[in-house]
Amino acid sequence: MKIITKIKDLQSDLLLLKSNGKKIGFVPTMGYLHEGHEALLAQARANNDVVVLSIFVNPLQFGEGEDLDTYPRDIVHDEQVAKKHGVDYIFYPTVQEMYPDDMSVTVKVHKNTDVLCGASRPGHFDGVATVLTKLFNIVQPHNAYFGMKDAQQVAVVKGLVKDFNFPIEIIPVDIVREEDGLAKSSRNVYLLSEEREEAPHLYKSLQSAAEKIAEGERNANRLKQEIRGYIEKHTSGIVDYIEIYSYPELGELTELKGQIIIAIAVKFSRARLIDNVTVEIG
């Protein structure tokens, strides 16, 4: 496994590998790897000749007052996880390497950003799309892997690849959860002990809604009210949003049909957690 910090060095190695017919799998992350990231790495390892993991806490996707400076980092741990899953390259650039000057061109996302997390984090997905455009051009992978915990991000990335004609297959990977159902997240470390005990109820509220849909419920507002009531009864968190949209279009629904996403965000004292389930309705 090689750890590379310079763009030109990584490009040089990967261009040679691609010229020799090697298939490149790419897992872009901000580090502090957990089992959710490990699922991405395992799938990338199974499907490709070469696996590239990027670790870069991207300042463009953090807004004012967000946790850029305190975002958890542990490169020693991340190296161990990467070795465990047979990663060939860790790309670990500095901010100066990725953004040596003020950007003269950035990416603006026009669709799928005025709902869910995008509604309360203006500019967030512009930052995500800009850094991924750079990373996709640097790595030029055949396949790139993203977790469905951030289903909105997956929708945005698919749009980016489609609109800019990147020859990349975007492969979504199912949410990885703790034994009690809590979605794996780097931000779970921010939860107080009592909040950690409450947090699994987020997924339970989504499971309950999915069960009601299976039983025939088609009223989105009623489902959202029941989810809110459940979360407020079982946790001390403050609901940021509860939404039901078509997926991956993230469009408003007059009636529940086709593939939908039920997504929630809940703020605890030092952590904002997101979760979702997708449901196929015949």
# chains A, B, ... in the order shown; residues from 1 in each chain; ligands from 1
>>> select_by_dssp(residues="region 104-272 of chain A", states="strand (DSSP E or B)", output="PyMOL selection string")
chain A and resi 143-147+169-173+177+183+238-246+258-267+272
>>> write_last_selection(atoms="N, CA and C atoms", output="mmCIF file, in the first residue's frame")
data_model
loop_
_atom_site.group_PDB
_atom_site.id
_atom_site.type_symbol
_atom_site.label_atom_id
_atom_site.label_comp_id
_atom_site.auth_asym_id
_atom_site.auth_seq_id
_atom_site.Cartn_x
_atom_site.Cartn_y
_atom_site.Cartn_z
ATOM 1 N N ASN A 143 -14.904 2.774 -11.352
ATOM 2 C CA ASN A 143 -16.020 2.662 -10.421
ATOM 3 C C ASN A 143 -15.740 3.533 -9.193
ATOM 4 N N ALA A 144 -16.796 4.165 -8.661
ATOM 5 C CA ALA A 144 -16.672 4.934 -7.421
ATOM 6 C C ALA A 144 -17.807 4.535 -6.485
ATOM 7 N N TYR A 145 -17.505 4.448 -5.199
ATOM 8 C CA TYR A 145 -18.412 3.848 -4.221
ATOM 9 C C TYR A 145 -18.833 4.878 -3.178
ATOM 10 N N PHE A 146 -20.159 4.945 -2.936
ATOM 11 C CA PHE A 146 -20.722 5.898 -1.986
ATOM 12 C C PHE A 146 -21.774 5.204 -1.128
ATOM 13 N N GLY A 147 -21.833 5.591 0.144
ATOM 14 C CA GLY A 147 -22.783 4.991 1.069
ATOM 15 C C GLY A 147 -24.152 5.624 0.972
ATOM 16 N N GLU A 169 -18.775 4.564 -13.189
ATOM 17 C CA GLU A 169 -19.968 3.922 -12.641
ATOM 18 C C GLU A 169 -20.059 4.259 -11.154
ATOM 19 N N ILE A 170 -21.159 4.898 -10.755
ATOM 20 C CA ILE A 170 -21.379 5.203 -9.342
ATOM 21 C C ILE A 170 -22.120 4.033 -8.709
ATOM 22 N N ILE A 171 -21.534 3.462 -7.677
ATOM 23 C CA ILE A 171 -22.090 2.267 -7.059
ATOM 24 C C ILE A 171 -22.502 2.586 -5.622
ATOM 25 N N PRO A 172 -23.817 2.684 -5.367
ATOM 26 C CA PRO A 172 -24.289 2.922 -3.996
ATOM 27 C C PRO A 172 -24.166 1.647 -3.161
ATOM 28 N N VAL A 173 -23.825 1.821 -1.898
ATOM 29 C CA VAL A 173 -23.679 0.690 -0.978
ATOM 30 C C VAL A 173 -24.619 0.929 0.207
ATOM 31 N N ARG A 177 -25.020 -0.543 9.842
ATOM 32 C CA ARG A 177 -25.576 -0.116 11.127
ATOM 33 C C ARG A 177 -24.914 -0.835 12.297
ATOM 34 N N ALA A 183 -27.223 4.079 12.421
ATOM 35 C CA ALA A 183 -26.380 4.136 11.229
ATOM 36 C C ALA A 183 -24.960 4.548 11.620
ATOM 37 N N ILE A 238 -33.757 17.180 18.645
ATOM 38 C CA ILE A 238 -34.654 18.134 17.999
ATOM 39 C C ILE A 238 -34.724 17.787 16.514
ATOM 40 N N VAL A 239 -35.925 17.562 16.026
ATOM 41 C CA VAL A 239 -36.093 17.180 14.633
ATOM 42 C C VAL A 239 -35.733 18.355 13.724
ATOM 43 N N ASP A 240 -34.800 18.112 12.805
ATOM 44 C CA ASP A 240 -34.438 19.103 11.790
ATOM 45 C C ASP A 240 -35.385 18.971 10.598
ATOM 46 N N TYR A 241 -35.519 17.743 10.101
ATOM 47 C CA TYR A 241 -36.498 17.505 9.042
ATOM 48 C C TYR A 241 -36.949 16.052 9.049
ATOM 49 N N ILE A 242 -38.137 15.847 8.533
ATOM 50 C CA ILE A 242 -38.681 14.525 8.209
ATOM 51 C C ILE A 242 -39.325 14.690 6.838
ATOM 52 N N GLU A 243 -38.806 13.998 5.852
ATOM 53 C CA GLU A 243 -39.300 14.198 4.495
ATOM 54 C C GLU A 243 -39.514 12.868 3.776
ATOM 55 N N ILE A 244 -40.439 12.882 2.845
ATOM 56 C CA ILE A 244 -40.712 11.718 1.991
ATOM 57 C C ILE A 244 -40.736 12.217 0.552
ATOM 58 N N TYR A 245 -39.827 11.678 -0.266
ATOM 59 C CA TYR A 245 -39.713 12.106 -1.653
ATOM 60 C C TYR A 245 -39.586 10.890 -2.575
ATOM 61 N N SER A 246 -39.781 11.153 -3.868
ATOM 62 C CA SER A 246 -39.401 10.139 -4.853
ATOM 63 C C SER A 246 -37.876 10.035 -4.849
ATOM 64 N N GLY A 258 -44.019 4.077 -6.547
ATOM 65 C CA GLY A 258 -42.672 3.913 -7.066
ATOM 66 C C GLY A 258 -41.655 3.804 -5.949
ATOM 67 N N GLN A 259 -40.393 4.159 -6.246
ATOM 68 C CA GLN A 259 -39.355 4.138 -5.214
ATOM 69 C C GLN A 259 -39.368 5.471 -4.484
ATOM 70 N N ILE A 260 -39.474 5.398 -3.165
ATOM 71 C CA ILE A 260 -39.481 6.602 -2.344
ATOM 72 C C ILE A 260 -38.383 6.520 -1.301
ATOM 73 N N ILE A 261 -38.043 7.681 -0.766
ATOM 74 C CA ILE A 261 -37.106 7.738 0.354
ATOM 75 C C ILE A 261 -37.790 8.443 1.519
ATOM 76 N N ILE A 262 -37.650 7.864 2.697
ATOM 77 C CA ILE A 262 -38.083 8.508 3.933
ATOM 78 C C ILE A 262 -36.803 8.898 4.664
ATOM 79 N N ALA A 263 -36.595 10.190 4.830
ATOM 80 C CA ALA A 263 -35.323 10.671 5.360
ATOM 81 C C ALA A 263 -35.552 11.586 6.552
ATOM 82 N N ILE A 264 -34.641 11.481 7.526
ATOM 83 C CA ILE A 264 -34.750 12.298 8.727
ATOM 84 C C ILE A 264 -33.384 12.867 9.104
ATOM 85 N N ALA A 265 -33.426 13.990 9.799
ATOM 86 C CA ALA A 265 -32.239 14.555 10.443
ATOM 87 C C ALA A 265 -32.656 15.026 11.822
ATOM 88 N N VAL A 266 -31.854 14.684 12.823
ATOM 89 C CA VAL A 266 -32.172 15.028 14.212
ATOM 90 C C VAL A 266 -30.926 15.608 14.867
ATOM 91 N N LYS A 267 -31.108 16.738 15.542
ATOM 92 C CA LYS A 267 -29.998 17.407 16.213
ATOM 93 C C LYS A 267 -29.966 17.020 17.684
ATOM 94 N N ARG A 272 -25.473 16.157 14.774
ATOM 95 C CA ARG A 272 -26.666 16.138 13.924
ATOM 96 C C ARG A 272 -26.616 14.839 13.124
#
>>> select_by_dssp(residues="region 13-166 of chain A", states="alpha helix (DSSP H)", output="count of residues only")
68
>>> residues_around(residues="Ala44 (chain A)", least_positions_apart="2", cutoff="10 Å", atoms="only C-alpha atoms", output="list in words")
Ile24, Gly25, Phe26, Val27, Glu38, Ala39, Leu40, Leu41, Ala42, Ala46, Asn47, Asn48, Asp49, Val50, Val51, Val52, Leu53, His85, Gly86, Val87, Asn143, Ala144, Tyr145 and Ile171 of chain A
>>> closest_residue(among="A:Ile175, A:Ala199, A:Val189, A:Val109", to="Ala155 (chain A)", atoms="only C-alpha atoms")
A:Val109
>>> closest_residue(among="A:Asp114, A:Glu252, A:Glu79, A:Glu194", to="Gly237 (chain A)", atoms="only C-alpha atoms")
A:Glu194
>>> closest_residue(among="A:Pro200, A:Gly216, A:Pro59, A:Pro28", to="Glu178 (chain A)", atoms="only C-alpha atoms")
A:Pro200
>>> residues_around(residues="region 123-132 of chain A", least_positions_apart="6", cutoff="9 Å", atoms="only C-alpha atoms", output="PyMOL selection string")
chain A and resi 28+58-63+98+105-110+113+117+153+156-157+160
>>> residues_around(residues="region 5-18 of chain A", least_positions_apart="2", cutoff="10 Å", atoms="only C-alpha atoms", output="VMD selection string")
chain A and resid 2 to 3 20 to 24 49 to 50 52 54 to 55 89 to 94 97 to 98 135 137 to 142
>>> write_last_selection(atoms="C-alpha atoms", output="compact mmCIF listing (two decimals), in the first residue's frame")
# COMPACT_ATOMS: atom_id res chain seq x y z
CA LYS A 2 1.30 3.42 -0.98
CA ILE A 3 0.38 6.68 0.71
CA ASN A 20 -1.90 -1.83 -18.52
CA GLY A 21 -5.62 -2.57 -18.45
CA LYS A 22 -6.15 -2.38 -14.70
CA LYS A 23 -9.64 -1.52 -13.43
CA ILE A 24 -9.58 1.25 -10.83
CA ASP A 49 -7.85 -4.60 -9.77
CA VAL A 50 -6.69 -1.47 -7.95
CA VAL A 52 -7.77 3.99 -4.29
CA SER A 54 -8.89 9.30 -0.66
CA ILE A 55 -8.86 10.93 2.77
CA TYR A 89 -3.30 3.65 -2.64
CA ILE A 90 -4.25 6.18 0.00
CA PHE A 91 -4.46 9.66 -1.46
CA TYR A 92 -3.95 11.98 1.50
CA PRO A 93 -3.50 15.52 0.20
CA THR A 94 -3.29 18.74 2.15
CA GLU A 97 -2.34 20.62 -2.48
CA MET A 98 -6.01 20.45 -3.44
CA LEU A 135 -10.93 13.89 -7.43
CA ASN A 137 -10.22 13.95 -12.74
CA ILE A 138 -7.22 13.09 -10.57
CA VAL A 139 -8.05 9.40 -10.08
CA GLN A 140 -10.04 8.71 -13.27
CA PRO A 141 -11.58 5.56 -11.79
CA HIS A 142 -13.81 3.04 -13.52
>>> residues_around(residues="Thr254 (chain A)", least_positions_apart="5", cutoff="10 Å", atoms="only C-alpha atoms", output="count of residues only")
4
>>> closest_residue(among="A:Gln152, A:Thr70, A:Thr278, A:Thr235", to="Lys111 (chain A)", atoms="only C-alpha atoms")
A:Gln152
>>> atom_distance(atom1="CA of Tyr71 (chain A)", atom2="CA of Thr133 (chain A)")
22.4 Å
>>> atom_distance(atom1="CA of Val154 (chain A)", atom2="CA of Glu249 (chain A)")
10.9 Å
>>> atom_distance(atom1="CA of Asp174 (chain A)", atom2="CA of Gly36 (chain A)")
8.6 Å
>>> decode(residues="region 136-202 of chain A", atoms="C-alpha atoms", output="mmCIF file, in the first residue's frame")
data_model
loop_
_atom_site.group_PDB
_atom_site.id
_atom_site.type_symbol
_atom_site.label_atom_id
_atom_site.label_comp_id
_atom_site.auth_asym_id
_atom_site.auth_seq_id
_atom_site.Cartn_x
_atom_site.Cartn_y
_atom_site.Cartn_z
ATOM 1 C CA PHE A 136 -12.613 12.174 -10.392
ATOM 2 C CA ASN A 137 -10.217 13.954 -12.743
ATOM 3 C CA ILE A 138 -7.217 13.086 -10.573
ATOM 4 C CA VAL A 139 -8.048 9.398 -10.078
ATOM 5 C CA GLN A 140 -10.040 8.713 -13.271
ATOM 6 C CA PRO A 141 -11.581 5.556 -11.790
ATOM 7 C CA HIS A 142 -13.814 3.042 -13.515
ATOM 8 C CA ASN A 143 -16.020 2.662 -10.421
ATOM 9 C CA ALA A 144 -16.672 4.934 -7.421
ATOM 10 C CA TYR A 145 -18.412 3.848 -4.221
ATOM 11 C CA PHE A 146 -20.722 5.898 -1.986
ATOM 12 C CA GLY A 147 -22.783 4.991 1.069
ATOM 13 C CA MET A 148 -26.547 5.280 1.006
ATOM 14 C CA LYS A 149 -26.568 6.839 4.493
ATOM 15 C CA ASP A 150 -26.252 10.113 2.634
ATOM 16 C CA ALA A 151 -28.770 9.228 -0.070
ATOM 17 C CA GLN A 152 -29.044 12.861 -1.158
ATOM 18 C CA GLN A 153 -25.316 12.924 -1.850
ATOM 19 C CA VAL A 154 -25.636 9.778 -3.949
ATOM 20 C CA ALA A 155 -28.359 11.461 -6.025
ATOM 21 C CA VAL A 156 -26.218 14.590 -6.461
ATOM 22 C CA VAL A 157 -23.145 12.558 -7.457
ATOM 23 C CA LYS A 158 -25.092 10.558 -10.006
ATOM 24 C CA GLY A 159 -26.294 13.836 -11.499
ATOM 25 C CA LEU A 160 -22.736 15.187 -11.574
ATOM 26 C CA VAL A 161 -21.424 12.136 -13.411
ATOM 27 C CA LYS A 162 -24.309 12.166 -15.880
ATOM 28 C CA ASP A 163 -24.182 15.899 -16.625
ATOM 29 C CA PHE A 164 -20.394 16.089 -17.017
ATOM 30 C CA ASN A 165 -20.105 12.768 -18.884
ATOM 31 C CA PHE A 166 -17.615 11.220 -16.491
ATOM 32 C CA PRO A 167 -16.973 7.629 -17.664
ATOM 33 C CA ILE A 168 -17.488 6.392 -14.096
ATOM 34 C CA GLU A 169 -19.968 3.922 -12.641
ATOM 35 C CA ILE A 170 -21.379 5.203 -9.342
ATOM 36 C CA ILE A 171 -22.090 2.267 -7.059
ATOM 37 C CA PRO A 172 -24.289 2.922 -3.996
ATOM 38 C CA VAL A 173 -23.679 0.690 -0.978
ATOM 39 C CA ASP A 174 -26.316 -0.033 1.663
ATOM 40 C CA ILE A 175 -26.196 1.664 5.053
ATOM 41 C CA VAL A 176 -24.103 -0.169 7.638
ATOM 42 C CA ARG A 177 -25.576 -0.116 11.127
ATOM 43 C CA GLU A 178 -24.612 -0.841 14.693
ATOM 44 C CA GLU A 179 -26.217 -3.906 16.254
ATOM 45 C CA ASP A 180 -28.928 -1.669 17.736
ATOM 46 C CA GLY A 181 -29.719 -0.112 14.344
ATOM 47 C CA LEU A 182 -27.900 3.224 14.584
ATOM 48 C CA ALA A 183 -26.380 4.136 11.229
ATOM 49 C CA LYS A 184 -22.586 4.174 11.354
ATOM 50 C CA SER A 185 -21.233 7.720 11.233
ATOM 51 C CA SER A 186 -18.008 9.521 12.082
ATOM 52 C CA ARG A 187 -20.125 12.005 14.019
ATOM 53 C CA ASN A 188 -21.537 9.363 16.393
ATOM 54 C CA VAL A 189 -18.521 10.008 18.632
ATOM 55 C CA TYR A 190 -20.062 13.393 19.481
ATOM 56 C CA LEU A 191 -23.096 11.792 21.166
ATOM 57 C CA LEU A 192 -23.361 11.963 24.935
ATOM 58 C CA SER A 193 -23.862 8.584 26.613
ATOM 59 C CA GLU A 194 -27.598 9.107 27.151
ATOM 60 C CA GLU A 195 -27.976 10.367 23.566
ATOM 61 C CA ARG A 196 -26.214 7.271 22.275
ATOM 62 C CA GLU A 197 -28.849 5.168 24.055
ATOM 63 C CA GLU A 198 -31.628 7.198 22.421
ATOM 64 C CA ALA A 199 -30.163 7.379 18.915
ATOM 65 C CA PRO A 200 -31.281 3.900 17.700
ATOM 66 C CA HIS A 201 -34.861 5.168 17.880
ATOM 67 C CA LEU A 202 -34.198 7.177 14.714
#
